[in-house]
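What follows is a set of notes on a single structure, which appears directly below.
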Amino acid sequence: MSEKADAAPDDGRDETPTQRADRNWQELLQEFRVFQTGTQILAAFLLSLPFQQRFALLPPFDVGVYLVLVLLAVMITLLALAPVSLHRLLFRQRAKAELVGIGNKILIVCLAAASLLFTGIVLFIVDFLLHPPAGIIAATCVFVVLLVIWVVLPLTIRAQRHGRARGR
């Protein structure tokens with residue numbers, strides 16, 4: 001395909017593969033910006049907890065959950081920053097399409113890890129404030145909601161769109 005040809009003639013956009021990669025990269029970066037803000041706030045919250053007086057009262061299970069949550073938050077933050085590093089190291093290498101592909105995969109991994117982080121934070125807080133069974137119930141509810149809105153809903157919409165496309 002020449003650089004002048006439309007990257008996907010049937011999608012209603014008149015853009016070259018390079019223009020499409022640039023647009024996709026910008027969209028991906030915007031999604032990372034939204035994602036990073038929330039996870040960085042959660043990470044800061046987690047990092048401040050050991051300095052609270054009641055932290056010393058945590059039972060061993062809660063300390064273990066807390067440490068897993070801190071590690072998850074740090075890993076998510078590092079992963080969410082990876083596209084910046086990749087972009088800097090691949091700058092002017094004509095690798096935008098590859099950046100978009102790997103950035104997409106990294107963001108999906110970040111979202112999966114964030115679902116565990118959000119679920120774990122609910123488990124941690126509800127377990128500490130009430131009791132372990134309440135924490136498990138609350139965390140399970142959060143995880144189910146995450147599965148529905150982050151996995152089931154998009155896959156349902158995708159299947160409906162594919163079904164309509166085949167029916168044309």
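Within each chain, counting starts at residue 1; across the structure tokens, chains are named A, B, ... in the order shown, with ligands numbered 1 upward in that order.
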
Taking a cut-off of 10 Å and counting only C-alpha atoms, can you build a table that, for each residue of region 22-66 of chain A near region 84-100 of chain A, reports the nearest atom pair and how far apart they are in Å (one decimal), sorted by chain then residue number, as a tab-separated table?
residue	atom	partner	partner_atom	distance
A:Asp22	CA	A:Lys96	CA	6.9
A:Arg23	CA	A:Val100	CA	9.6
A:Asn24	CA	A:Val100	CA	6.6
A:Trp25	CA	A:Val100	CA	5.5
A:Gln26	CA	A:Val100	CA	9.2
A:Glu27	CA	A:Val100	CA	9.5
A:Leu28	CA	A:Val100	CA	7.3
A:Leu29	CA	A:Val84	CA	8.9

Could you dump the residues just selected with N, CA, C and O atoms as an mmCIF file, in the first residue's frame?
data_model
loop_
_atom_site.group_PDB
_atom_site.id
_atom_site.type_symbol
_atom_site.label_atom_id
_atom_site.label_comp_id
_atom_site.auth_asym_id
_atom_site.auth_seq_id
_atom_site.Cartn_x
_atom_site.Cartn_y
_atom_site.Cartn_z
ATOM 1 N N ASP A 22 -0.618 7.926 13.762
ATOM 2 C CA ASP A 22 -0.512 9.140 14.583
ATOM 3 C C ASP A 22 -1.788 9.366 15.390
ATOM 4 O O ASP A 22 -1.732 9.660 16.586
ATOM 5 N N ARG A 23 -2.944 9.225 14.744
ATOM 6 C CA ARG A 23 -4.234 9.420 15.432
ATOM 7 C C ARG A 23 -4.412 8.367 16.521
ATOM 8 O O ARG A 23 -4.772 8.683 17.657
ATOM 9 N N ASN A 24 -4.125 7.121 16.193
ATOM 10 C CA ASN A 24 -4.263 6.049 17.184
ATOM 11 C C ASN A 24 -3.326 6.252 18.362
ATOM 12 O O ASN A 24 -3.682 5.995 19.516
ATOM 13 N N TRP A 25 -2.120 6.731 18.090
ATOM 14 C CA TRP A 25 -1.150 7.000 19.159
ATOM 15 C C TRP A 25 -1.672 8.102 20.080
ATOM 16 O O TRP A 25 -1.582 7.988 21.303
ATOM 17 N N GLN A 26 -2.218 9.161 19.503
ATOM 18 C CA GLN A 26 -2.756 10.257 20.314
ATOM 19 C C GLN A 26 -3.931 9.778 21.174
ATOM 20 O O GLN A 26 -4.049 10.148 22.344
ATOM 21 N N GLU A 27 -4.799 8.957 20.593
ATOM 22 C CA GLU A 27 -5.926 8.418 21.358
ATOM 23 C C GLU A 27 -5.435 7.537 22.494
ATOM 24 O O GLU A 27 -5.935 7.605 23.625
ATOM 25 N N LEU A 28 -4.438 6.718 22.219
ATOM 26 C CA LEU A 28 -3.874 5.836 23.230
ATOM 27 C C LEU A 28 -3.234 6.642 24.366
ATOM 28 O O LEU A 28 -3.429 6.335 25.553
ATOM 29 N N LEU A 29 -2.491 7.686 24.012
ATOM 30 C CA LEU A 29 -1.870 8.522 25.038
ATOM 31 C C LEU A 29 -2.919 9.190 25.925
ATOM 32 O O LEU A 29 -2.728 9.311 27.139
#

Would you mind listing what lies within 12 Å of Gly38 (chain A) as an mmCIF file with all heavy atoms, in the first residue's frame, with only C-alpha atoms counted and same-chain residues fewer than 6 positions away left out?
data_model
loop_
_atom_site.group_PDB
_atom_site.id
_atom_site.type_symbol
_atom_site.label_atom_id
_atom_site.label_comp_id
_atom_site.auth_asym_id
_atom_site.auth_seq_id
_atom_site.Cartn_x
_atom_site.Cartn_y
_atom_site.Cartn_z
ATOM 1 N N GLU A 31 -5.851 7.981 26.661
ATOM 2 C CA GLU A 31 -6.356 6.939 27.552
ATOM 3 C C GLU A 31 -5.360 6.678 28.682
ATOM 4 O O GLU A 31 -5.755 6.497 29.835
ATOM 5 C CB GLU A 31 -6.636 5.664 26.760
ATOM 6 C CG GLU A 31 -7.803 5.819 25.809
ATOM 7 C CD GLU A 31 -7.931 4.670 24.826
ATOM 8 O OE1 GLU A 31 -7.147 3.697 24.910
ATOM 9 O OE2 GLU A 31 -8.829 4.742 23.967
ATOM 10 N N PHE A 32 -4.074 6.664 28.368
ATOM 11 C CA PHE A 32 -3.060 6.486 29.411
ATOM 12 C C PHE A 32 -3.092 7.640 30.402
ATOM 13 O O PHE A 32 -2.923 7.434 31.607
ATOM 14 C CB PHE A 32 -1.655 6.364 28.806
ATOM 15 C CG PHE A 32 -1.245 4.957 28.500
ATOM 16 C CD1 PHE A 32 -1.144 4.531 27.190
ATOM 17 C CD2 PHE A 32 -0.952 4.050 29.510
ATOM 18 C CE1 PHE A 32 -0.761 3.232 26.893
ATOM 19 C CE2 PHE A 32 -0.571 2.751 29.233
ATOM 20 C CZ PHE A 32 -0.475 2.339 27.913
ATOM 21 N N ALA A 44 -0.513 6.802 45.794
ATOM 22 C CA ALA A 44 -0.162 7.770 46.843
ATOM 23 C C ALA A 44 -0.933 7.466 48.126
ATOM 24 O O ALA A 44 -0.369 7.523 49.232
ATOM 25 C CB ALA A 44 -0.457 9.188 46.363
ATOM 26 N N PHE A 45 -2.203 7.136 47.983
ATOM 27 C CA PHE A 45 -3.014 6.761 49.141
ATOM 28 C C PHE A 45 -2.378 5.561 49.860
ATOM 29 O O PHE A 45 -2.193 5.576 51.077
ATOM 30 C CB PHE A 45 -4.441 6.434 48.691
ATOM 31 C CG PHE A 45 -5.213 5.589 49.651
ATOM 32 C CD1 PHE A 45 -5.709 6.117 50.830
ATOM 33 C CD2 PHE A 45 -5.455 4.249 49.377
ATOM 34 C CE1 PHE A 45 -6.414 5.325 51.721
ATOM 35 C CE2 PHE A 45 -6.163 3.453 50.257
ATOM 36 C CZ PHE A 45 -6.643 3.990 51.443
ATOM 37 N N ALA A 73 0.314 -1.475 42.599
ATOM 38 C CA ALA A 73 0.256 -0.054 42.244
ATOM 39 C C ALA A 73 1.562 0.407 41.597
ATOM 40 O O ALA A 73 1.553 1.150 40.615
ATOM 41 C CB ALA A 73 -0.057 0.794 43.482
ATOM 42 N N ILE A 76 1.778 -1.163 38.056
ATOM 43 C CA ILE A 76 0.857 -0.477 37.138
ATOM 44 C C ILE A 76 1.432 0.867 36.725
ATOM 45 O O ILE A 76 1.391 1.240 35.551
ATOM 46 C CB ILE A 76 -0.533 -0.309 37.776
ATOM 47 C CG1 ILE A 76 -1.212 -1.674 37.913
ATOM 48 C CG2 ILE A 76 -1.402 0.648 36.970
ATOM 49 C CD1 ILE A 76 -2.442 -1.662 38.796
ATOM 50 N N THR A 77 1.974 1.599 37.680
ATOM 51 C CA THR A 77 2.559 2.902 37.375
ATOM 52 C C THR A 77 3.718 2.753 36.403
ATOM 53 O O THR A 77 3.835 3.500 35.424
ATOM 54 C CB THR A 77 3.014 3.603 38.671
ATOM 55 O OG1 THR A 77 1.882 3.754 39.529
ATOM 56 C CG2 THR A 77 3.612 4.964 38.378
ATOM 57 N N ALA A 80 2.337 1.838 32.990
ATOM 58 C CA ALA A 80 1.650 2.969 32.361
ATOM 59 C C ALA A 80 2.633 4.014 31.838
ATOM 60 O O ALA A 80 2.294 4.789 30.947
ATOM 61 C CB ALA A 80 0.666 3.601 33.344
ATOM 62 N N CYS A 110 -2.458 -3.120 31.950
ATOM 63 C CA CYS A 110 -2.664 -2.150 33.033
ATOM 64 C C CYS A 110 -4.100 -2.209 33.553
ATOM 65 O O CYS A 110 -4.328 -2.171 34.770
ATOM 66 C CB CYS A 110 -2.361 -0.735 32.557
ATOM 67 S SG CYS A 110 -0.619 -0.334 32.424
ATOM 68 N N LEU A 111 -5.052 -2.292 32.648
ATOM 69 C CA LEU A 111 -6.452 -2.360 33.062
ATOM 70 C C LEU A 111 -6.740 -3.644 33.836
ATOM 71 O O LEU A 111 -7.461 -3.624 34.845
ATOM 72 C CB LEU A 111 -7.379 -2.245 31.851
ATOM 73 C CG LEU A 111 -7.451 -0.856 31.223
ATOM 74 C CD1 LEU A 111 -8.157 -0.912 29.870
ATOM 75 C CD2 LEU A 111 -8.141 0.121 32.154
ATOM 76 N N ALA A 114 -5.183 -3.177 37.173
ATOM 77 C CA ALA A 114 -5.953 -2.188 37.935
ATOM 78 C C ALA A 114 -7.225 -2.809 38.496
ATOM 79 O O ALA A 114 -7.659 -2.454 39.595
ATOM 80 C CB ALA A 114 -6.280 -0.981 37.068
ATOM 81 N N LEU A 117 -6.154 -4.323 41.530
ATOM 82 C CA LEU A 117 -5.838 -3.281 42.512
ATOM 83 C C LEU A 117 -7.112 -2.722 43.141
ATOM 84 O O LEU A 117 -7.211 -2.619 44.366
ATOM 85 C CB LEU A 117 -5.031 -2.157 41.855
ATOM 86 C CG LEU A 117 -4.660 -0.971 42.744
ATOM 87 C CD1 LEU A 117 -3.727 -1.409 43.871
ATOM 88 C CD2 LEU A 117 -4.014 0.130 41.909
ATOM 89 N N PHE A 118 -8.098 -2.374 42.329
ATOM 90 C CA PHE A 118 -9.351 -1.815 42.858
ATOM 91 C C PHE A 118 -10.061 -2.829 43.747
ATOM 92 O O PHE A 118 -10.561 -2.494 44.825
ATOM 93 C CB PHE A 118 -10.278 -1.376 41.728
ATOM 94 C CG PHE A 118 -9.694 -0.315 40.839
ATOM 95 C CD1 PHE A 118 -9.960 -0.321 39.477
ATOM 96 C CD2 PHE A 118 -8.880 0.684 41.332
ATOM 97 C CE1 PHE A 118 -9.426 0.643 38.644
ATOM 98 C CE2 PHE A 118 -8.341 1.656 40.508
ATOM 99 C CZ PHE A 118 -8.619 1.637 39.165
#

One decimal, in Å: what's the spacing between CA of Val70 (chain A) and CA of Leu47 (chain A)?
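Spanning CA of Val70 (chain A) to CA of Leu47 (chain A) is a straight-line distance of 7.2 Å.
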
A:Val151, A:Val109, A:Leu49, A:Leu129: which is nearest Val63 (chain A), counting only C-alpha atoms?
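Closest to Val63 (chain A), using only C-alpha atoms: A:Leu49.
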
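CA of Leu123 (chain A) sits 19.4 Å away from CA of Trp150 (chain A).
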
Write down as a ChimeraX atom specification the residues belonging to region 32-126 of chain A that are assigned alpha helix (DSSP H) by DSSP computed on the backbone.
/A:32-48,60-89,96-126

Which residues, written as a VMD selection string, have at least one atom at most 12 Å from Leu46 (chain A), with only C-alpha atoms counted and residues fewer than 6 positions away on the same chain left out?
chain A and resid 39 to 40 52 55 63 65 to 74 117 to 118 120 to 121 124 to 125

What is the distance, in Å and to one decimal place, between CA of Ser48 (chain A) and CA of Ile136 (chain A)?
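Atom-to-atom, CA of Ser48 (chain A) and CA of Ile136 (chain A) are spaced 23.5 Å apart.
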